[in-house]
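Trainee: Next comes the structure file target_3.txt, holding compact mmCIF, C-alpha atoms (C1' of nucleotides).
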```txt
# COMPACT_ATOMS: atom_id res chain seq x y z
CA MET A 1 0.00 0.00 0.00
CA SER A 2 1.32 3.45 -0.85
CA ALA A 3 1.69 5.81 2.08
CA ALA A 4 -1.72 6.73 3.43
CA ILE A 5 -2.50 10.40 3.52
CA LYS A 6 -3.03 12.10 6.85
CA ARG A 7 -6.72 12.51 6.30
CA ALA A 8 -9.25 11.54 3.62
CA CYS A 9 -12.08 13.88 2.72
CA ASP A 10 -15.63 13.01 3.75
CA ALA A 11 -16.62 11.69 0.33
CA CYS A 12 -13.51 9.52 -0.14
CA HIS A 13 -13.90 8.21 3.37
CA ARG A 14 -17.49 7.27 2.60
CA ARG A 15 -16.57 5.80 -0.79
CA LYS A 16 -13.54 3.97 0.60
CA VAL A 17 -11.27 5.28 -2.10
CA LYS A 18 -7.85 6.85 -1.94
CA CYS A 19 -7.93 10.56 -1.32
CA ASP A 20 -5.08 12.90 -2.22
CA GLY A 21 -5.86 15.08 0.78
CA ILE A 22 -6.10 18.40 -1.03
CA ASN A 23 -9.24 20.53 -1.34
CA PRO A 24 -10.93 19.81 -3.60
CA CYS A 25 -9.46 16.34 -3.97
CA ARG A 26 -9.15 14.64 -7.35
CA ASN A 27 -11.98 12.16 -6.68
CA CYS A 28 -14.39 14.90 -5.70
CA SER A 29 -13.37 16.99 -8.71
CA THR A 30 -13.98 14.21 -11.21
CA ALA A 31 -17.22 13.19 -9.48
CA GLN A 32 -18.30 16.83 -9.26
CA LEU A 33 -18.81 16.64 -5.51
CA SER A 34 -18.14 19.36 -3.01
CA CYS A 35 -15.03 18.27 -1.15
CA THR A 36 -15.39 18.66 2.62
CA TYR A 37 -13.40 17.63 5.65
CA ASN A 38 -16.13 18.08 8.24
CA ALA A 39 -16.13 14.66 9.89
CA ILE A 40 -14.70 14.76 13.39
CA PRO A 41 -12.15 11.94 13.79
CA GLN A 42 -12.78 9.51 16.63
CA LYS A 43 -10.17 9.00 19.27
CA LYS A 44 -8.06 5.99 18.48
CA GLY A 45 -6.65 3.41 20.83
CA PRO A 46 -8.03 1.25 23.61
CA LYS A 47 -10.70 2.61 25.90
CA GLY A 48 -10.91 1.80 29.58
CA SER A 49 -8.98 -1.12 30.96
CA ARG A 50 -7.32 -3.11 28.22
CA ALA A 51 -6.80 -6.14 30.44
CA LYS A 52 -9.62 -7.83 28.57
CA VAL A 53 -7.51 -10.63 27.08
CA ILE A 54 -5.86 -11.55 30.36
CA SER A 55 -9.25 -11.49 32.05
CA GLU A 56 -10.62 -13.81 29.39
CA LEU A 57 -7.69 -16.17 29.79
CA ARG A 58 -8.13 -16.21 33.56
CA GLU A 59 -11.82 -16.92 33.17
CA THR A 60 -11.18 -19.73 30.65
CA GLN A 61 -8.60 -21.35 32.91
CA ARG A 62 -10.88 -21.02 35.91
CA GLN A 63 -13.75 -22.63 34.02
CA THR A 64 -11.47 -25.43 32.79
CA SER A 65 -10.20 -26.28 36.26
CA LEU A 66 -13.71 -26.07 37.62
CA ALA A 67 -14.96 -28.40 34.89
CA ALA A 68 -12.13 -30.85 35.64
CA ARG A 69 -13.11 -30.90 39.28
CA VAL A 70 -16.70 -31.55 38.34
CA GLN A 71 -15.67 -34.38 36.01
CA ASN A 72 -13.72 -35.99 38.83
CA ARG A 73 -16.60 -35.52 41.18
CA VAL A 74 -19.09 -37.03 38.72
CA ALA A 75 -16.74 -39.91 37.95
CA GLY A 76 -16.69 -40.58 41.68
CA LEU A 77 -20.46 -40.48 41.83
CA THR A 78 -20.95 -42.87 38.96
CA ALA A 79 -18.19 -45.35 39.78
CA GLY A 80 -20.28 -47.72 41.84
CA PRO A 81 -19.71 -51.47 41.54
CA SER A 82 -22.87 -52.03 39.49
CA GLN A 83 -22.76 -48.69 37.74
CA ASN A 84 -21.50 -48.37 34.24
CA PRO A 85 -21.17 -44.68 33.28
CA THR A 86 -22.15 -45.42 29.69
CA THR A 87 -25.57 -46.82 30.58
CA ALA A 88 -28.57 -44.72 29.82
CA GLY A 89 -30.01 -44.83 33.32
CA PRO A 90 -29.93 -42.06 35.90
CA SER A 91 -26.55 -41.35 37.54
CA PRO A 92 -26.88 -41.82 41.30
CA GLY A 93 -26.14 -38.64 43.21
CA MET A 94 -26.48 -36.42 40.18
CA VAL A 95 -30.02 -35.18 40.75
CA THR A 96 -30.42 -35.14 44.51
CA GLY A 97 -33.74 -34.78 46.29
CA GLU A 98 -32.60 -31.53 47.82
CA LEU A 99 -31.59 -30.08 44.47
CA VAL A 100 -34.97 -31.01 42.99
CA LYS A 101 -36.79 -29.51 45.94
CA GLU A 102 -34.89 -26.22 45.71
CA CYS A 103 -35.30 -26.01 41.96
CA LEU A 104 -39.03 -26.71 42.08
CA GLU A 105 -39.39 -24.11 44.81
CA PHE A 106 -37.56 -21.53 42.72
CA PHE A 107 -39.42 -22.40 39.54
CA PHE A 108 -42.87 -22.12 41.07
CA ALA A 109 -41.94 -19.00 43.04
CA HIS A 110 -40.31 -16.99 40.25
CA MET A 111 -40.87 -18.53 36.87
CA TYR A 112 -44.18 -20.29 36.80
CA SER A 113 -46.08 -17.07 36.08
CA THR A 114 -44.29 -16.62 32.77
CA MET A 115 -43.90 -20.32 32.00
CA PRO A 116 -46.97 -22.20 33.26
CA ILE A 117 -46.01 -25.52 31.71
CA LEU A 118 -46.09 -27.72 34.81
CA VAL A 119 -48.55 -28.60 37.56
CA ARG A 120 -46.79 -28.29 40.88
CA GLN A 121 -48.56 -31.03 42.79
CA LYS A 122 -48.20 -33.46 39.92
CA VAL A 123 -44.49 -32.79 39.40
CA GLU A 124 -43.71 -33.02 43.11
CA GLN A 125 -45.57 -36.32 43.31
CA GLN A 126 -43.84 -37.77 40.26
CA ALA A 127 -40.41 -36.49 41.31
CA MET A 128 -40.47 -38.77 44.35
CA PHE A 129 -40.20 -41.77 42.04
CA MET A 130 -38.20 -40.21 39.22
CA GLU A 131 -35.46 -42.85 39.44
CA GLN A 132 -38.01 -45.44 38.27
CA ASN A 133 -39.33 -43.39 35.34
CA ARG A 134 -36.98 -41.99 32.72
CA ASP A 135 -39.64 -39.67 31.34
CA VAL A 136 -40.01 -38.00 34.72
CA TYR A 137 -36.29 -38.14 35.42
CA CYS A 138 -35.52 -36.26 32.20
CA LEU A 139 -38.19 -33.68 32.93
CA VAL A 140 -36.92 -33.02 36.44
CA THR A 141 -33.29 -32.97 35.36
CA ALA A 142 -34.00 -30.56 32.51
CA LEU A 143 -36.01 -28.40 34.89
CA CYS A 144 -33.09 -28.29 37.34
CA ALA A 145 -30.69 -27.47 34.50
CA PHE A 146 -32.93 -24.61 33.45
CA VAL A 147 -33.44 -23.27 36.97
CA MET A 148 -29.71 -23.38 37.68
CA LEU A 149 -29.21 -20.96 34.80
CA GLN A 150 -31.43 -18.34 36.35
CA PRO A 151 -30.01 -15.25 38.00
CA GLY A 152 -30.75 -15.35 41.72
CA MET A 153 -30.79 -19.15 41.90
CA THR A 154 -28.19 -20.43 44.34
CA MET A 155 -26.55 -23.82 44.70
CA PRO A 156 -28.26 -25.95 47.36
CA PRO A 157 -26.40 -25.85 50.71
CA SER A 158 -25.23 -29.45 50.31
CA ASP A 159 -23.42 -28.41 47.07
CA PRO A 160 -23.94 -31.73 45.25
CA TYR A 161 -21.16 -31.11 42.73
CA ASN A 162 -18.61 -29.86 45.22
CA LEU A 163 -18.21 -26.54 43.43
CA ASP A 164 -17.59 -24.49 46.57
CA MET A 165 -20.03 -21.77 45.50
CA MET A 166 -17.44 -20.42 43.11
CA PRO A 167 -18.59 -17.89 40.52
CA GLY A 168 -19.75 -19.79 37.45
CA SER A 169 -20.58 -22.91 39.43
CA ASN A 170 -24.27 -22.55 38.59
CA LEU A 171 -23.48 -22.61 34.90
CA ILE A 172 -21.39 -25.74 35.30
CA ALA A 173 -24.04 -27.44 37.40
CA SER A 174 -26.58 -26.55 34.72
CA THR A 175 -24.36 -27.94 31.98
CA LEU A 176 -23.89 -31.20 33.89
CA LEU A 177 -27.60 -31.55 34.46
CA LEU A 178 -28.34 -30.78 30.83
CA GLU A 179 -25.85 -33.45 29.74
CA GLU A 180 -27.41 -35.89 32.16
CA ALA A 181 -30.90 -35.19 30.86
CA MET A 182 -29.76 -35.58 27.27
CA ARG A 183 -27.86 -38.79 27.99
CA VAL A 184 -30.81 -40.48 29.69
CA ARG A 185 -33.23 -39.16 27.12
CA ASN A 186 -31.20 -40.48 24.24
CA GLY A 187 -31.27 -43.88 25.90
CA TYR A 188 -34.93 -44.57 25.25
CA GLU A 189 -37.49 -43.99 22.53
CA TYR A 190 -39.38 -41.07 23.99
CA LEU A 191 -40.85 -40.27 20.57
CA ASP A 192 -42.69 -43.59 20.38
CA SER A 193 -45.35 -42.31 22.72
CA PRO A 194 -44.89 -38.66 23.61
CA THR A 195 -46.29 -37.53 26.94
CA LEU A 196 -46.93 -34.15 28.49
CA ASN A 197 -43.72 -34.70 30.40
CA SER A 198 -41.66 -35.25 27.28
CA ILE A 199 -43.16 -32.14 25.69
CA ALA A 200 -42.29 -30.08 28.76
CA THR A 201 -38.82 -31.64 28.70
CA SER A 202 -38.29 -30.57 25.09
CA TYR A 203 -39.46 -27.09 25.97
CA LEU A 204 -37.07 -26.92 28.93
CA LEU A 205 -34.23 -28.15 26.74
CA PHE A 206 -35.08 -25.34 24.36
CA ALA A 207 -34.95 -22.88 27.25
CA CYS A 208 -31.62 -24.27 28.48
CA TYR A 209 -29.95 -24.13 25.09
CA TYR A 210 -31.38 -20.70 24.46
CA GLY A 211 -29.97 -19.60 27.79
CA VAL A 212 -26.48 -20.71 26.84
CA GLU A 213 -26.82 -19.20 23.36
CA SER A 214 -26.87 -22.53 21.49
CA HIS A 215 -29.58 -21.19 19.28
CA ASN A 216 -29.71 -23.97 16.69
CA LYS A 217 -30.24 -26.62 19.35
CA ALA A 218 -32.70 -24.34 21.11
CA TRP A 219 -34.91 -23.96 18.04
CA PHE A 220 -34.65 -27.67 17.35
CA TYR A 221 -36.10 -28.58 20.75
CA LEU A 222 -38.75 -25.88 20.56
CA ARG A 223 -39.82 -27.36 17.26
CA GLU A 224 -39.68 -30.84 18.77
CA ALA A 225 -42.00 -29.75 21.58
CA SER A 226 -44.37 -28.25 19.04
CA THR A 227 -44.33 -31.41 16.89
CA MET A 228 -45.06 -33.61 19.88
CA MET A 229 -47.98 -31.35 20.79
CA HIS A 230 -49.37 -32.01 17.32
CA MET A 231 -48.82 -35.74 17.79
CA LEU A 232 -50.99 -35.53 20.90
CA ASP A 233 -53.62 -33.50 19.01
CA MET A 234 -53.09 -30.62 21.40
CA HIS A 235 -53.62 -28.16 18.55
CA LYS A 236 -57.27 -29.20 18.41
CA GLU A 237 -59.84 -27.64 20.68
C1' DT B 1 -15.31 -0.93 -20.86
C1' DT B 2 -15.79 2.16 -17.17
C1' DA B 3 -17.65 3.51 -12.75
C1' DT B 4 -19.12 2.48 -8.24
C1' DT B 5 -19.57 -0.08 -4.06
C1' DC B 6 -17.87 -2.18 -0.08
C1' DG B 7 -15.42 -6.23 2.64
C1' DG B 8 -11.66 -6.33 5.00
C1' DA B 9 -6.26 -6.08 5.21
C1' DA B 10 -2.94 -2.96 6.56
C1' DA B 11 -1.54 1.19 8.68
C1' DT B 12 -2.04 4.48 12.21
C1' DT B 13 -2.77 5.99 16.67
C1' DA B 14 -3.20 6.36 21.59
C1' DA B 15 -4.20 4.27 26.05
C1' DA B 16 -2.75 0.81 29.30
C1' DA B 17 0.64 -2.23 30.97
C1' DA B 18 5.30 -3.52 31.62
C1' DC B 19 9.72 -2.36 32.56
C1' DA B 20 14.10 0.13 34.16
C1' DG C 1 10.57 8.15 33.29
C1' DT C 2 10.61 5.03 28.56
C1' DT C 3 9.18 1.05 25.94
C1' DT C 4 6.02 -2.44 24.65
C1' DT C 5 1.58 -4.26 24.00
C1' DT C 6 -3.00 -3.96 22.81
C1' DA C 7 -7.17 -2.31 20.85
C1' DA C 8 -9.80 1.13 18.30
C1' DT C 9 -9.99 3.81 14.17
C1' DT C 10 -8.82 5.12 9.51
C1' DT C 11 -7.21 4.51 4.92
C1' DC C 12 -7.78 2.48 0.69
C1' DC C 13 -6.80 -2.10 -2.14
C1' DG C 14 -9.01 -4.86 -5.08
C1' DA C 15 -12.91 -8.00 -6.08
C1' DA C 16 -17.63 -7.84 -7.15
C1' DT C 17 -21.27 -5.54 -9.19
C1' DA C 18 -23.70 -1.99 -11.83
C1' DA C 19 -23.96 1.27 -15.46
C1' DT C 20 -22.97 2.68 -19.99
```
What do you get writing this file as structure tokens?
Mentor:
Amino acid sequence: MSAAIKRACDACHRRKVKCDGINPCRNCSTAQLSCTYNAIPQKKGPKGSRAKVISELRETQRQTSLAARVQNRVAGLTAGPSQNPTTAGPSPGMVTGELVKECLEFFFAHMYSTMPILVRQKVEQQAMFMEQNRDVYCLVTALCAFVMLQPGMTMPPSDPYNLDMMPGSNLIASTLLLEEAMRVRNGYEYLDSPTLNSIATSYLLFACYYGVESHNKAWFYLREASTMMHMLDMHKE
DNA sequence: TTATTCGGAAATTAAAAACA
DNA sequence: GTTTTTAATTTCCGAATAAT
């Protein structure tokens, strides 16, 4: 590139063409434009703290170490004598009764008004036996994953994933729960006979993925929920 | 063929951080 | 204090497109 001139005129700047810097400049003359230099240049250079990169690196490393701790913790939870981590059944210790209780409490206190997709009494009843019913287990796990994403939701006092209330621990807990829900859900044919629970689960998966900005997955599960509603003739009066 | 538009690479600049 | 690093802005190259 030839040496850039100190300042391009307004028209050349707009047209993204080389300006000779005089008034009127050659481009403006040939285009019969009035050649002005009215634009006020912006201040160049970084604004505010420029420690953005180092902050990002710190955050990435923190998340990585946190995730590693969670992996270890989960490996410990799932490494029972009769437990194979690759099975499609619920992982013991992953979705604790206390976690479910807290998440249901939060959901019905703060979110039910804008998302009335569940009946409290029914869910609480079903949740007691969720280990025996994958449909319910997935619903409850997805619900917990969704609730853990919400601002204001705190980790239960027992801290089931041993995250020490560190910043970002909610997001990691949510991710783990989402993975758990997906793993169990992929282990059985929930589409064979969709239920209200599986529709709500799809909707909660949509909400979870939307919350973590995985928009393609989010829309997929929203669409899935909508399709299952059709399968159950819920679009009819 | 010539003129125009515009995505984006390269250059420029200045603030913040690092260093002596 | 000076130097280095980083990030924001500006210039304008050159490919794509439109006009003649």
Trainee: Mind dumping a table of every chain A residue within 6 Å of chain B, with the nearest atom pair and its distance in Å to one decimal, using only C-alpha atoms (C1' of nucleotides), sorted by chain and rising number, as JSON lines?
Mentor:
```
{"residue": "A:Lys44", "atom": "CA", "partner": "B:DT13", "partner_atom": "C1'", "distance": 5.6}
{"residue": "A:Gly45", "atom": "CA", "partner": "B:DA14", "partner_atom": "C1'", "distance": 4.6}
{"residue": "A:Pro46", "atom": "CA", "partner": "B:DA15", "partner_atom": "C1'", "distance": 5.5}
```
Trainee: So how many Å separate atom CA of A:Ser198 and atom CA of A:Asp135, to one decimal?
Mentor: 6.3 Å
Trainee: So how many Å separate atom CA of A:Leu118 and atom CA of A:Pro90, to one decimal?
Mentor: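 Separation between atom CA of A:Leu118 and atom CA of A:Pro90: 21.6 Å.
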Trainee: What residues in chain A have any atom no more than 8 Å from chain C when counting all atoms listed in the file, and can you write them as a PyMOL selection string?
Mentor: chain A and resi 1+4-5+8+13+16-18+42-47+50
Trainee: Give me, please, the distance in Å between atom CA of A:Tyr203 and atom CA of A:Ser226, quoted to one decimal.
Mentor: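 Computing it gives 8.6 Å between the two atoms.
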Trainee: In terms of the shortest atom-to-atom distance over only C-alpha atoms, which of A:Leu232, A:Ile22, A:Cys9, A:Val95 is closest to A:Leu176?
Mentor: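 That would be A:Val95, the residue with the smallest distance to A:Leu176.
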Trainee: Considering all atoms listed in the file, return as a short mmCIF file (atom, residue, chain, number, x, y, z; two decimals) with C-alpha atoms, in the frame of the given file whatever protein or nucleic-acid residues lie within 8 Å of stretch 24-32 of chain A, sequence-local ones (same chain, fewer than 4 positions apart) excluded.
Mentor:
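Printed below is part_23.cif as written:
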```
data_model
loop_
_atom_site.label_atom_id
_atom_site.label_comp_id
_atom_site.auth_asym_id
_atom_site.auth_seq_id
_atom_site.Cartn_x
_atom_site.Cartn_y
_atom_site.Cartn_z
CA CYS A 9 -12.08 13.88 2.72
CA ALA A 11 -16.62 11.69 0.33
CA CYS A 12 -13.51 9.52 -0.14
CA CYS A 19 -7.93 10.56 -1.32
CA ASP A 20 -5.08 12.90 -2.22
CA THR A 36 -15.39 18.66 2.62
#
```
Trainee: Can you work out which one of A:Thr96, A:Thr141, A:Ser113, A:Gln126 has the shortest atom-to-atom distance to A:Val184, counting all atoms listed in the file?
Mentor: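 Going through A:Thr96, A:Thr141, A:Ser113, A:Gln126 one by one, the smallest distance to A:Val184 is for A:Thr141.
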Trainee: Restricting the calculation to all atoms listed in the file: of A:Tyr210, A:Tyr161, A:Trp219, A:Tyr137, which residue gets closest to A:Arg185?
Mentor: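 Selected residue with least distance to A:Arg185: A:Tyr137.
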Trainee: Excluding same-chain residues fewer than 5 positions from A:Met148, what lies within 10 Å of it counting all atoms listed in the file, as a tab-separated table (two decimals) with C-alpha atoms, in the coordinates of the input?
Mentor:
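Generated output (part-v5.tsv):
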```
chain	number	residue	atom	x	y	z
A	99	LEU	CA	-31.59	-30.08	44.47
A	102	GLU	CA	-34.89	-26.22	45.71
A	103	CYS	CA	-35.30	-26.01	41.96
A	106	PHE	CA	-37.56	-21.53	42.72
A	107	PHE	CA	-39.42	-22.40	39.54
A	142	ALA	CA	-34.00	-30.56	32.51
A	143	LEU	CA	-36.01	-28.40	34.89
A	153	MET	CA	-30.79	-19.15	41.90
A	154	THR	CA	-28.19	-20.43	44.34
A	155	MET	CA	-26.55	-23.82	44.70
A	169	SER	CA	-20.58	-22.91	39.43
A	170	ASN	CA	-24.27	-22.55	38.59
A	171	LEU	CA	-23.48	-22.61	34.90
A	172	ILE	CA	-21.39	-25.74	35.30
A	173	ALA	CA	-24.04	-27.44	37.40
A	174	SER	CA	-26.58	-26.55	34.72
A	175	THR	CA	-24.36	-27.94	31.98
A	177	LEU	CA	-27.60	-31.55	34.46
A	208	CYS	CA	-31.62	-24.27	28.48
```
Trainee: Taking the point (-35.5, -22.4, 21.1) as given in the file, collect each protein or nucleic acid residue that comes within 9 Å of it, counting all atoms listed in the file, and present the set as a list in words.
Mentor: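 Every residue inside that radius is included here: Tyr203, Leu205, Phe206, Ala207, Cys208, Tyr209, Tyr210, Ser214, His215, Asn216, Lys217, Ala218, Trp219, Phe220, Tyr221, Leu222 and Arg223 of chain A.
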Trainee: Could you write out that same residue set with C-alpha atoms as a PDB file, in the coordinates of the input?
Mentor:
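Everything below was put into again-v6.pdb:
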```
ATOM      1  CA  TYR A 203     -39.460 -27.090  25.970  1.00  0.00           C
ATOM      2  CA  LEU A 205     -34.230 -28.150  26.740  1.00  0.00           C
ATOM      3  CA  PHE A 206     -35.080 -25.340  24.360  1.00  0.00           C
ATOM      4  CA  ALA A 207     -34.950 -22.880  27.250  1.00  0.00           C
ATOM      5  CA  CYS A 208     -31.620 -24.270  28.480  1.00  0.00           C
ATOM      6  CA  TYR A 209     -29.950 -24.130  25.090  1.00  0.00           C
ATOM      7  CA  TYR A 210     -31.380 -20.700  24.460  1.00  0.00           C
ATOM      8  CA  SER A 214     -26.870 -22.530  21.490  1.00  0.00           C
ATOM      9  CA  HIS A 215     -29.580 -21.190  19.280  1.00  0.00           C
ATOM     10  CA  ASN A 216     -29.710 -23.970  16.690  1.00  0.00           C
ATOM     11  CA  LYS A 217     -30.240 -26.620  19.350  1.00  0.00           C
ATOM     12  CA  ALA A 218     -32.700 -24.340  21.110  1.00  0.00           C
ATOM     13  CA  TRP A 219     -34.910 -23.960  18.040  1.00  0.00           C
ATOM     14  CA  PHE A 220     -34.650 -27.670  17.350  1.00  0.00           C
ATOM     15  CA  TYR A 221     -36.100 -28.580  20.750  1.00  0.00           C
ATOM     16  CA  LEU A 222     -38.750 -25.880  20.560  1.00  0.00           C
ATOM     17  CA  ARG A 223     -39.820 -27.360  17.260  1.00  0.00           C
TER      18      ARG A 223
END
```
